[in-house]
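A.B. asks: The following file, work_7.cif, comprises mmCIF, C-alpha atoms:
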```
data_data
#
loop_
_atom_site.label_atom_id
_atom_site.label_comp_id
_atom_site.auth_asym_id
_atom_site.auth_seq_id
_atom_site.Cartn_x
_atom_site.Cartn_y
_atom_site.Cartn_z
CA MET A 1 80.16 70.19 71.76
CA GLN A 2 81.32 73.76 71.26
CA LYS A 3 81.63 74.97 67.67
CA ASN A 4 84.66 76.73 66.27
CA ILE A 5 84.20 80.47 65.64
CA ILE A 6 85.47 82.75 62.87
CA VAL A 7 86.51 86.14 64.30
CA LYS A 8 87.96 89.25 62.67
CA ASP A 9 90.72 91.46 64.01
CA HIS A 10 88.52 94.55 64.08
CA SER A 11 91.05 96.97 65.54
CA ILE A 12 94.22 96.68 63.44
CA SER A 13 94.64 94.19 60.56
CA HIS A 14 90.99 93.25 59.77
CA GLU A 15 92.18 89.71 59.04
CA GLU A 16 90.07 86.71 60.01
CA PHE A 17 91.12 83.97 62.43
CA GLU A 18 89.49 80.78 63.67
CA LEU A 19 88.86 80.04 67.33
CA VAL A 20 89.32 76.29 67.74
CA TYR A 21 87.68 74.70 70.77
CA ASP A 22 89.70 72.42 73.07
CA SER A 23 87.39 70.25 75.18
CA GLN A 24 90.14 69.08 77.53
CA TYR A 25 90.70 72.55 78.92
CA ASP A 26 87.42 74.20 77.88
CA TYR A 27 89.13 77.03 76.03
CA TYR A 28 89.47 78.31 72.48
CA LEU A 29 92.77 78.62 70.64
CA THR A 30 93.39 81.26 67.97
CA LYS A 31 94.43 79.70 64.66
CA PRO A 32 96.62 80.35 62.80
CA VAL A 33 99.09 82.11 65.07
CA PRO A 34 100.92 84.71 62.92
CA ASN A 35 104.68 84.32 62.63
CA ASN A 36 105.19 87.98 63.47
CA LEU A 37 102.76 88.71 66.30
CA SER A 38 104.51 91.93 67.27
CA LYS A 39 103.18 93.80 64.22
CA TYR A 40 99.61 93.26 65.52
CA TYR A 41 100.50 95.36 68.57
CA GLU A 42 102.10 98.21 66.62
CA SER A 43 99.19 100.62 66.50
CA LYS A 44 97.72 103.47 68.52
CA ALA A 45 94.54 101.38 68.49
CA TYR A 46 96.23 99.02 70.97
CA ILE A 47 95.69 101.21 74.00
CA SER A 48 97.40 98.97 76.59
CA HIS A 49 100.73 100.10 75.13
CA THR A 50 99.86 103.81 75.06
CA ASP A 51 98.54 106.49 77.38
CA ALA A 52 96.25 107.86 74.66
CA THR A 53 93.19 109.96 75.50
CA ASP A 54 92.18 110.83 71.93
CA THR A 55 88.80 109.10 71.65
CA LEU A 56 85.85 108.45 73.96
CA GLN A 57 86.99 104.83 74.31
CA ASP A 58 90.51 106.04 75.22
CA LYS A 59 89.18 108.41 77.87
CA ILE A 60 86.95 105.72 79.39
CA TYR A 61 89.81 103.22 79.39
CA GLN A 62 92.19 105.61 81.16
CA PHE A 63 89.51 106.65 83.68
CA VAL A 64 88.68 103.06 84.58
CA LYS A 65 92.39 102.19 84.73
CA ARG A 66 92.95 104.88 87.37
CA ILE A 67 90.04 103.60 89.45
CA ASN A 68 91.26 100.03 89.19
CA LEU A 69 94.77 100.87 90.44
CA HIS A 70 93.47 101.37 93.96
CA HIS A 71 91.39 98.18 93.88
CA LYS A 72 94.26 96.10 92.49
CA VAL A 73 96.74 97.19 95.14
CA LYS A 74 94.13 96.70 97.84
CA LEU A 75 93.51 93.18 96.52
CA ILE A 76 97.15 92.09 96.40
CA SER A 77 97.69 93.46 99.91
CA GLN A 78 95.30 90.80 101.23
CA TYR A 79 97.64 87.99 100.24
CA THR A 80 101.04 89.01 101.60
CA THR A 81 102.72 91.33 104.07
CA ASN A 82 106.18 91.13 102.45
CA LYS A 83 105.22 93.40 99.54
CA LYS A 84 107.51 91.96 96.88
CA ILE A 85 105.74 91.83 93.54
CA LEU A 86 106.44 90.88 89.93
CA ASP A 87 104.01 92.20 87.29
CA ILE A 88 104.06 90.43 83.93
CA GLY A 89 102.90 92.46 80.95
CA ALA A 90 103.27 95.71 82.88
CA GLY A 91 102.29 97.93 79.94
CA THR A 92 103.09 101.59 80.56
CA GLY A 93 103.84 100.96 84.24
CA ASP A 94 100.89 102.63 86.01
CA PHE A 95 100.06 99.66 88.24
CA LEU A 96 103.65 99.23 89.40
CA LYS A 97 104.02 102.98 89.89
CA TYR A 98 101.00 103.02 92.20
CA ALA A 99 102.18 99.88 94.02
CA LYS A 100 105.58 101.51 94.56
CA ILE A 101 103.91 104.59 96.07
CA LYS A 102 102.11 102.21 98.45
CA GLY A 103 105.40 100.73 99.62
CA TRP A 104 105.80 97.70 97.38
CA ASP A 105 109.14 96.37 96.13
CA ILE A 106 108.35 96.22 92.41
CA THR A 107 109.67 94.34 89.38
CA GLY A 108 108.03 94.21 85.97
CA VAL A 109 108.24 92.62 82.53
CA GLU A 110 106.93 94.26 79.34
CA PRO A 111 107.97 93.05 75.86
CA ASN A 112 106.74 96.13 73.98
CA GLU A 113 109.50 98.72 73.57
CA HIS A 114 107.16 101.72 73.27
CA ALA A 115 105.30 100.77 76.45
CA ARG A 116 108.60 100.28 78.32
CA LYS A 117 109.69 103.75 77.22
CA LEU A 118 106.49 105.32 78.57
CA ALA A 119 106.97 103.42 81.85
CA SER A 120 110.58 104.62 82.06
CA GLU A 121 109.39 108.23 81.72
CA LYS A 122 107.32 107.58 84.87
CA GLY A 123 110.38 106.25 86.72
CA ILE A 124 109.46 102.56 86.28
CA GLN A 125 112.18 100.42 84.70
CA LEU A 126 110.88 97.21 83.13
CA SER A 127 112.60 94.10 81.78
CA SER A 128 111.77 93.05 78.24
CA SER A 129 111.52 89.30 78.99
CA PHE A 130 111.58 86.63 81.69
CA GLU A 131 115.23 85.99 80.85
CA GLU A 132 116.21 89.51 81.98
CA LEU A 133 114.75 89.06 85.46
CA PRO A 134 117.11 88.82 88.45
CA ALA A 135 117.59 85.38 89.99
CA GLU A 136 115.08 85.74 92.82
CA GLN A 137 111.54 84.81 93.80
CA TYR A 138 108.45 86.86 94.58
CA ASP A 139 105.60 86.84 97.08
CA ILE A 140 103.06 87.78 94.42
CA ILE A 141 103.02 87.67 90.62
CA THR A 142 100.31 89.49 88.72
CA LEU A 143 99.14 89.22 85.11
CA TRP A 144 96.38 91.75 84.37
CA HIS A 145 94.87 90.65 81.05
CA VAL A 146 98.16 89.11 79.97
CA LEU A 147 97.78 85.32 80.22
CA GLU A 148 95.74 85.23 77.00
CA HIS A 149 98.71 86.77 75.14
CA LEU A 150 101.39 84.24 76.14
CA PRO A 151 102.41 82.05 73.18
CA ASP A 152 103.56 78.94 75.08
CA LEU A 153 101.11 78.69 77.96
CA ASP A 154 102.50 75.61 79.72
CA ALA A 155 106.11 76.81 79.55
CA HIS A 156 105.17 80.24 80.91
CA ILE A 157 103.11 78.80 83.78
CA LYS A 158 106.10 76.64 84.76
CA GLN A 159 108.23 79.80 84.80
CA LEU A 160 105.66 81.57 86.97
CA HIS A 161 105.67 78.65 89.40
CA ASN A 162 109.47 78.78 89.66
CA LEU A 163 109.45 82.55 90.20
CA LEU A 164 107.05 82.35 93.15
CA LEU A 165 108.17 81.77 96.72
CA PRO A 166 106.69 78.72 98.51
CA GLN A 167 103.00 79.43 99.18
CA GLY A 168 103.29 82.47 96.90
CA THR A 169 100.25 83.94 95.19
CA LEU A 170 99.53 84.23 91.49
CA ILE A 171 96.84 86.72 90.48
CA ILE A 172 95.58 86.74 86.91
CA ALA A 173 92.78 88.57 85.12
CA VAL A 174 91.33 87.29 81.85
CA PRO A 175 88.11 87.70 79.81
CA ASN A 176 85.40 85.05 80.05
CA TYR A 177 83.78 83.80 76.84
CA ASN A 178 80.81 82.44 78.83
CA SER A 179 79.70 85.91 79.95
CA TYR A 180 76.43 87.50 78.84
CA ASP A 181 78.20 90.22 76.83
CA ALA A 182 80.32 87.61 75.03
CA LYS A 183 77.24 85.64 74.01
CA HIS A 184 75.33 88.79 73.10
CA TYR A 185 77.99 90.09 70.70
CA GLY A 186 79.18 86.73 69.38
CA HIS A 187 82.05 87.09 66.91
CA TYR A 188 81.94 90.89 67.40
CA TRP A 189 82.87 90.52 71.08
CA ALA A 190 85.85 92.84 71.52
CA ALA A 191 87.55 90.66 74.16
CA PHE A 192 88.30 87.98 71.56
CA ASP A 193 90.85 90.53 70.23
CA VAL A 194 92.48 88.16 67.75
CA PRO A 195 95.27 87.45 67.05
CA ARG A 196 96.72 89.18 70.12
CA HIS A 197 94.61 86.93 72.34
CA LEU A 198 95.90 83.44 71.66
CA TYR A 199 93.71 81.76 74.30
CA HIS A 200 90.10 82.40 75.26
CA PHE A 201 89.29 81.13 78.75
CA SER A 202 86.31 80.05 80.82
CA ARG A 203 86.19 79.62 84.59
CA ASN A 204 86.71 75.89 84.05
CA SER A 205 89.79 76.57 81.92
CA ILE A 206 91.71 78.31 84.65
CA LYS A 207 91.11 75.62 87.25
CA ARG A 208 92.01 72.80 84.87
CA ILE A 209 95.13 74.41 83.45
CA PHE A 210 96.66 75.58 86.71
CA SER A 211 95.87 72.49 88.75
CA LYS A 212 98.18 70.45 86.54
CA HIS A 213 100.95 72.95 87.31
CA SER A 214 100.56 72.63 91.10
CA PHE A 215 98.43 75.71 91.71
CA SER A 216 95.23 75.73 93.73
CA LEU A 217 92.45 78.18 92.93
CA VAL A 218 91.48 79.95 96.16
CA ALA A 219 89.18 82.75 94.93
CA THR A 220 87.49 84.19 91.85
CA LYS A 221 86.38 87.82 91.65
CA PRO A 222 84.47 89.75 88.96
CA MET A 223 85.84 92.75 87.07
CA LEU A 224 82.63 94.76 86.81
CA PHE A 225 83.97 97.64 84.72
CA ASP A 226 85.16 95.32 81.95
CA SER A 227 81.66 94.53 80.70
CA TYR A 228 81.03 98.23 79.96
CA TYR A 229 84.30 98.91 78.16
CA VAL A 230 84.16 95.66 76.18
CA SER A 231 80.53 96.31 75.24
CA LEU A 232 81.37 99.80 74.01
CA LEU A 233 84.13 98.44 71.77
CA SER A 234 81.88 95.61 70.61
CA GLU A 235 79.17 98.10 69.62
CA LYS A 236 81.76 99.94 67.54
CA TYR A 237 82.86 96.73 65.82
CA LYS A 238 79.30 95.59 65.14
CA HIS A 239 77.72 98.89 64.07
CA ALA A 240 80.78 100.97 63.02
CA LYS A 241 80.07 103.36 65.90
CA GLY A 242 80.08 103.25 69.68
CA ASN A 243 76.52 103.36 71.02
CA PHE A 244 77.22 104.42 74.59
CA PHE A 245 73.67 103.88 75.85
CA LYS A 246 73.34 100.38 74.37
CA ALA A 247 76.81 99.41 75.59
CA PHE A 248 75.90 100.57 79.09
CA LEU A 249 72.70 98.52 78.94
CA VAL A 250 74.49 95.35 77.78
CA GLY A 251 77.26 95.85 80.33
CA THR A 252 74.73 96.26 83.12
CA LEU A 253 72.76 93.19 82.03
CA SER A 254 76.00 91.22 81.91
CA ASN A 255 76.88 92.22 85.47
CA ILE A 256 73.37 91.48 86.74
CA GLN A 257 73.32 88.06 85.11
CA GLY A 258 76.83 87.45 86.43
CA LEU A 259 75.56 87.85 89.98
CA PHE A 260 73.49 84.70 89.48
CA SER A 261 75.50 82.72 86.93
CA LYS A 262 78.95 83.73 88.29
CA GLU A 263 79.93 84.29 84.65
CA HIS A 264 81.18 87.88 84.39
CA SER A 265 82.83 89.59 81.42
CA SER A 266 86.23 89.20 83.07
CA HIS A 267 87.41 87.53 86.25
CA ILE A 268 90.34 87.86 88.59
CA TYR A 269 91.66 84.48 89.74
CA ILE A 270 93.74 84.12 92.90
CA LEU A 271 95.90 81.00 92.85
CA LYS A 272 98.31 79.64 95.45
CA LYS A 273 101.51 77.78 94.68
CA GLN A 274 101.34 74.28 96.13
#
```
Take the structure in this file and express it as structure tokens.
C.D. replies:
Amino acid sequence: MQKNIIVKDHSISHEEFELVYDSQYDYYLTKPVPNNLSKYYESKAYISHTDATDTLQDKIYQFVKRINLHHKVKLISQYTTNKKILDIGAGTGDFLKYAKIKGWDITGVEPNEHARKLASEKGIQLSSSFEELPAEQYDIITLWHVLEHLPDLDAHIKQLHNLLLPQGTLIIAVPNYNSYDAKHYGHYWAAFDVPRHLYHFSRNSIKRIFSKHSFSLVATKPMLFDSYYVSLLSEKYKHAKGNFFKAFLVGTLSNIQGLFSKEHSSHIYILKKQ
């Protein structure tokens, strides 16, 4: 039986939240969910909504993001030739901008106004919600570290299913609380990121949740860079400074152990609409 965990919002509010374990789906739920979640995103510390390069962590994040753009577009290209994509939680638009350069027909959703503005300055126009999307379906839908933010998981997965064409592909990336770095840092693990992360998934979680919504899991892939970035942030939260060498060591150990356990810091899941 998994125990509940008390975790602090280390990056913005410094409030404490409880992670409540759900045995049916093998995930943790953040409790309580604040009434005004948007204020927990309104900070330069939340780098997904900025293009900041002020700190070492910022520079590493932006560097890794640029590397990952190529790998992400290469990955999605394996699952369709029609090149019509919807990206949920598109942030500042870099992924869709790169996909557009590579010939994709792009659509994106991003609730955060500041992030949408930065995307617009790059020539990427994003909708603010599902409701603003045109009445059409897509070959591929991507959620890069977004699923854990969605407040009504079942309702959103139903929407994703409806937005996909028959035999369409859903690609999601989420952190994994069973990874070595998660267990090493415990409640200091940066990928808990409460209260912005409302759900905390395992490999079992994804299969169980999506199977009930008529999705089949066809592949799981590691995100090897995540263990290093998350470990660097976790070092900062635990010791009030970022120990680059120790974070690199923990990240490397996490990736090595993941080769055997198949439990990496984050995974990409490829799911097919049934």
A.B. asks: What does the structure give for the distance between atom CA of Asn68 of chain A and atom CA of Thr80 of chain A, in Å to one decimal?
C.D. replies: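 Pair atom CA of Asn68 of chain A / atom CA of Thr80 of chain A returns 19.3 Å.
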A.B. asks: Of the residues A:Asp87, A:Asp181, A:Glu132, A:Glu121, which is the one nearest to Leu232 of chain A, using only C-alpha atoms?
C.D. replies: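 Checking each candidate against Leu232 of chain A, we get A:Asp181 as the closest.
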A.B. asks: For segment 206-208 of chain A, find every residue with an atom within 9 Å (counting only C-alpha atoms), except residues of its own chain fewer than 6 positions away, and show them as a PyMOL selection string.
C.D. replies: chain A and resi 24-26+215-217+269
A.B. asks: Using the chain letters and residue numbers of this document, give as a list in words the residues selected by the PyMOL selection byres ((chain A and resi 124) around 9).
C.D. replies: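 Written out, the selection comes to Thr92, Gly93, Asp94, Leu96, Lys97, Ile106, Thr107, Gly108, Arg116, Leu118, Ala119, Ser120, Glu121, Lys122, Gly123, Gln125 and Leu126 of chain A.
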A.B. asks: Please write the residues from the selection above to a file, keeping C-alpha atoms, as a PDB file, in the frame of the given file.
C.D. replies:
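What ended up in part08.pdb:
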```
ATOM      1  CA  THR A  92     103.090 101.590  80.560  1.00  0.00           C
ATOM      2  CA  GLY A  93     103.840 100.960  84.240  1.00  0.00           C
ATOM      3  CA  ASP A  94     100.890 102.630  86.010  1.00  0.00           C
ATOM      4  CA  LEU A  96     103.650  99.230  89.400  1.00  0.00           C
ATOM      5  CA  LYS A  97     104.020 102.980  89.890  1.00  0.00           C
ATOM      6  CA  ILE A 106     108.350  96.220  92.410  1.00  0.00           C
ATOM      7  CA  THR A 107     109.670  94.340  89.380  1.00  0.00           C
ATOM      8  CA  GLY A 108     108.030  94.210  85.970  1.00  0.00           C
ATOM      9  CA  ARG A 116     108.600 100.280  78.320  1.00  0.00           C
ATOM     10  CA  LEU A 118     106.490 105.320  78.570  1.00  0.00           C
ATOM     11  CA  ALA A 119     106.970 103.420  81.850  1.00  0.00           C
ATOM     12  CA  SER A 120     110.580 104.620  82.060  1.00  0.00           C
ATOM     13  CA  GLU A 121     109.390 108.230  81.720  1.00  0.00           C
ATOM     14  CA  LYS A 122     107.320 107.580  84.870  1.00  0.00           C
ATOM     15  CA  GLY A 123     110.380 106.250  86.720  1.00  0.00           C
ATOM     16  CA  GLN A 125     112.180 100.420  84.700  1.00  0.00           C
ATOM     17  CA  LEU A 126     110.880  97.210  83.130  1.00  0.00           C
TER      18      LEU A 126
END
```
A.B. asks: Evaluated on this file, the PyMOL selection byres ((chain A and resi 226) around 10) picks out some residues - which ones are they, written as a PyMOL selection string?
C.D. replies: chain A and resi 61+64+175+191+222-225+227-232+251+255+264-267
A.B. asks: Which residue is closest to Ala190 of chain A? Choose from A:Lys272, A:Lys100, A:Lys8, A:Arg66 and count only C-alpha atoms.
C.D. replies: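 Distance minimum relative to Ala190 of chain A lands on A:Lys8.
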A.B. asks: Considering only C-alpha atoms, state which residue in the set A:Asn178, A:Thr169, A:Asn204, A:Ser234 is at the smallest distance from Gln274 of chain A.
C.D. replies: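 Between A:Asn178, A:Thr169, A:Asn204, A:Ser234, the residue approaching Gln274 of chain A most closely is A:Thr169.
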A.B. asks: Which of these, A:Lys273, A:His71, A:Glu136, A:Gln62, has the shortest distance to Lys158 of chain A once you count only C-alpha atoms?
C.D. replies: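 Using only C-alpha atoms, the shortest distance to Lys158 of chain A belongs to A:Lys273.
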A.B. asks: Would you pick out the contacts of segment 111-113 of chain A at 7 Å or less, using all atoms listed in the file, so that residues sharing its chain but fewer than 3 positions from it are not included, and give the list as an mmCIF file with C-alpha atoms, keeping the file's coordinate frame?
C.D. replies:
```
data_model
loop_
_atom_site.group_PDB
_atom_site.id
_atom_site.type_symbol
_atom_site.label_atom_id
_atom_site.label_comp_id
_atom_site.auth_asym_id
_atom_site.auth_seq_id
_atom_site.Cartn_x
_atom_site.Cartn_y
_atom_site.Cartn_z
ATOM 1 C CA ARG A 116 108.600 100.280 78.320
ATOM 2 C CA LYS A 117 109.690 103.750 77.220
ATOM 3 C CA SER A 128 111.770 93.050 78.240
ATOM 4 C CA SER A 129 111.520 89.300 78.990
#
```
A.B. asks: Just checking: using all atoms listed in the file, which residue out of A:Leu249, A:Leu233, A:Ile209, A:Val218 ends up closest to Tyr27 of chain A?
C.D. replies: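 Smallest separation from Tyr27 of chain A among the options: A:Ile209.
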A.B. asks: Restricting the calculation to only C-alpha atoms: of A:His200, A:Asn36, A:Ala155, A:Asn162, which residue gets closest to Asn4 of chain A?
C.D. replies: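 Distance minimum relative to Asn4 of chain A lands on A:His200.
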A.B. asks: How far is it from atom CA of Val20 of chain A to atom CA of Leu150 of chain A, in Å with one decimal?
C.D. replies: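 Between atom CA of Val20 of chain A and atom CA of Leu150 of chain A the gap works out to 16.7 Å.
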A.B. asks: As an exercise, work out the distance from atom CA of Asn35 of chain A to atom CA of Ile12 of chain A in Å and give it to one decimal place.
C.D. replies: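 Interatomic distance, atom CA of Asn35 of chain A to atom CA of Ile12 of chain A: 16.2 Å.
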A.B. asks: Kindly add N, CA and C atoms to the incomplete segment 212-247 of chain A and provide the output as a short mmCIF file (atom, residue, chain, number, x, y, z; two decimals), keeping the file's coordinate frame.
C.D. replies:
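The resulting selection.cif:
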```
data_model
loop_
_atom_site.label_atom_id
_atom_site.label_comp_id
_atom_site.auth_asym_id
_atom_site.auth_seq_id
_atom_site.Cartn_x
_atom_site.Cartn_y
_atom_site.Cartn_z
N LYS A 212 97.14 71.38 87.01
CA LYS A 212 98.18 70.45 86.54
C LYS A 212 99.58 71.02 86.74
N HIS A 213 99.66 72.31 87.05
CA HIS A 213 100.95 72.95 87.31
C HIS A 213 101.15 73.26 88.80
N SER A 214 100.42 72.53 89.64
CA SER A 214 100.56 72.63 91.10
C SER A 214 100.18 74.01 91.65
N PHE A 215 99.06 74.52 91.14
CA PHE A 215 98.43 75.71 91.71
C PHE A 215 97.03 75.34 92.17
N SER A 216 96.61 75.91 93.28
CA SER A 216 95.23 75.73 93.73
C SER A 216 94.49 77.06 93.62
N LEU A 217 93.28 76.99 93.08
CA LEU A 217 92.45 78.18 92.93
C LEU A 217 91.76 78.47 94.26
N VAL A 218 92.03 79.65 94.84
CA VAL A 218 91.48 79.95 96.16
C VAL A 218 90.34 80.97 96.11
N ALA A 219 90.27 81.77 95.03
CA ALA A 219 89.18 82.75 94.93
C ALA A 219 89.03 83.22 93.50
N THR A 220 87.80 83.61 93.15
CA THR A 220 87.49 84.19 91.85
C THR A 220 86.66 85.44 92.08
N LYS A 221 87.08 86.55 91.45
CA LYS A 221 86.38 87.82 91.65
C LYS A 221 86.02 88.44 90.31
N PRO A 222 84.86 89.11 90.22
CA PRO A 222 84.47 89.75 88.96
C PRO A 222 85.20 91.06 88.73
N MET A 223 85.36 91.42 87.46
CA MET A 223 85.84 92.75 87.07
C MET A 223 84.66 93.48 86.43
N LEU A 224 83.93 94.23 87.22
CA LEU A 224 82.63 94.76 86.81
C LEU A 224 82.74 95.84 85.74
N PHE A 225 83.83 96.60 85.72
CA PHE A 225 83.97 97.64 84.72
C PHE A 225 84.21 97.08 83.32
N ASP A 226 84.77 95.88 83.24
CA ASP A 226 85.16 95.32 81.95
C ASP A 226 83.97 95.15 81.01
N SER A 227 82.82 94.76 81.56
CA SER A 227 81.66 94.53 80.70
C SER A 227 81.25 95.79 79.96
N TYR A 228 81.41 96.96 80.59
CA TYR A 228 81.03 98.23 79.96
C TYR A 228 82.02 98.62 78.85
N TYR A 229 83.30 98.53 79.16
CA TYR A 229 84.30 98.91 78.16
C TYR A 229 84.28 97.95 76.98
N VAL A 230 84.20 96.65 77.26
CA VAL A 230 84.16 95.66 76.18
C VAL A 230 82.89 95.82 75.34
N SER A 231 81.77 96.12 75.98
CA SER A 231 80.53 96.31 75.24
C SER A 231 80.59 97.54 74.35
N LEU A 232 81.24 98.60 74.83
CA LEU A 232 81.37 99.80 74.01
C LEU A 232 82.21 99.53 72.76
N LEU A 233 83.32 98.82 72.92
CA LEU A 233 84.13 98.44 71.77
C LEU A 233 83.37 97.50 70.83
N SER A 234 82.64 96.57 71.41
CA SER A 234 81.88 95.61 70.61
C SER A 234 80.80 96.30 69.78
N GLU A 235 80.16 97.31 70.37
CA GLU A 235 79.17 98.10 69.62
C GLU A 235 79.83 98.78 68.42
N LYS A 236 81.02 99.29 68.61
CA LYS A 236 81.76 99.94 67.54
C LYS A 236 82.09 98.94 66.43
N TYR A 237 82.52 97.74 66.82
CA TYR A 237 82.86 96.73 65.82
C TYR A 237 81.63 96.25 65.06
N LYS A 238 80.51 96.14 65.75
CA LYS A 238 79.30 95.59 65.14
C LYS A 238 78.55 96.61 64.29
N HIS A 239 78.54 97.87 64.74
CA HIS A 239 77.72 98.89 64.07
C HIS A 239 78.54 100.05 63.52
N ALA A 240 79.88 99.93 63.54
CA ALA A 240 80.78 100.97 63.02
C ALA A 240 80.68 102.27 63.82
N LYS A 241 80.10 102.21 65.01
CA LYS A 241 80.07 103.36 65.90
C LYS A 241 79.83 102.86 67.32
N GLY A 242 80.27 103.65 68.29
CA GLY A 242 80.08 103.25 69.68
C GLY A 242 78.79 103.80 70.24
N ASN A 243 77.80 102.96 70.42
CA ASN A 243 76.52 103.36 71.02
C ASN A 243 76.66 103.27 72.53
N PHE A 244 76.92 104.41 73.16
CA PHE A 244 77.22 104.42 74.59
C PHE A 244 76.05 103.88 75.41
N PHE A 245 74.83 104.30 75.06
CA PHE A 245 73.67 103.88 75.85
C PHE A 245 73.47 102.36 75.75
N LYS A 246 73.55 101.82 74.53
CA LYS A 246 73.34 100.38 74.37
C LYS A 246 74.46 99.59 75.05
N ALA A 247 75.69 100.09 74.94
CA ALA A 247 76.81 99.41 75.59
C ALA A 247 76.62 99.39 77.10
#
```
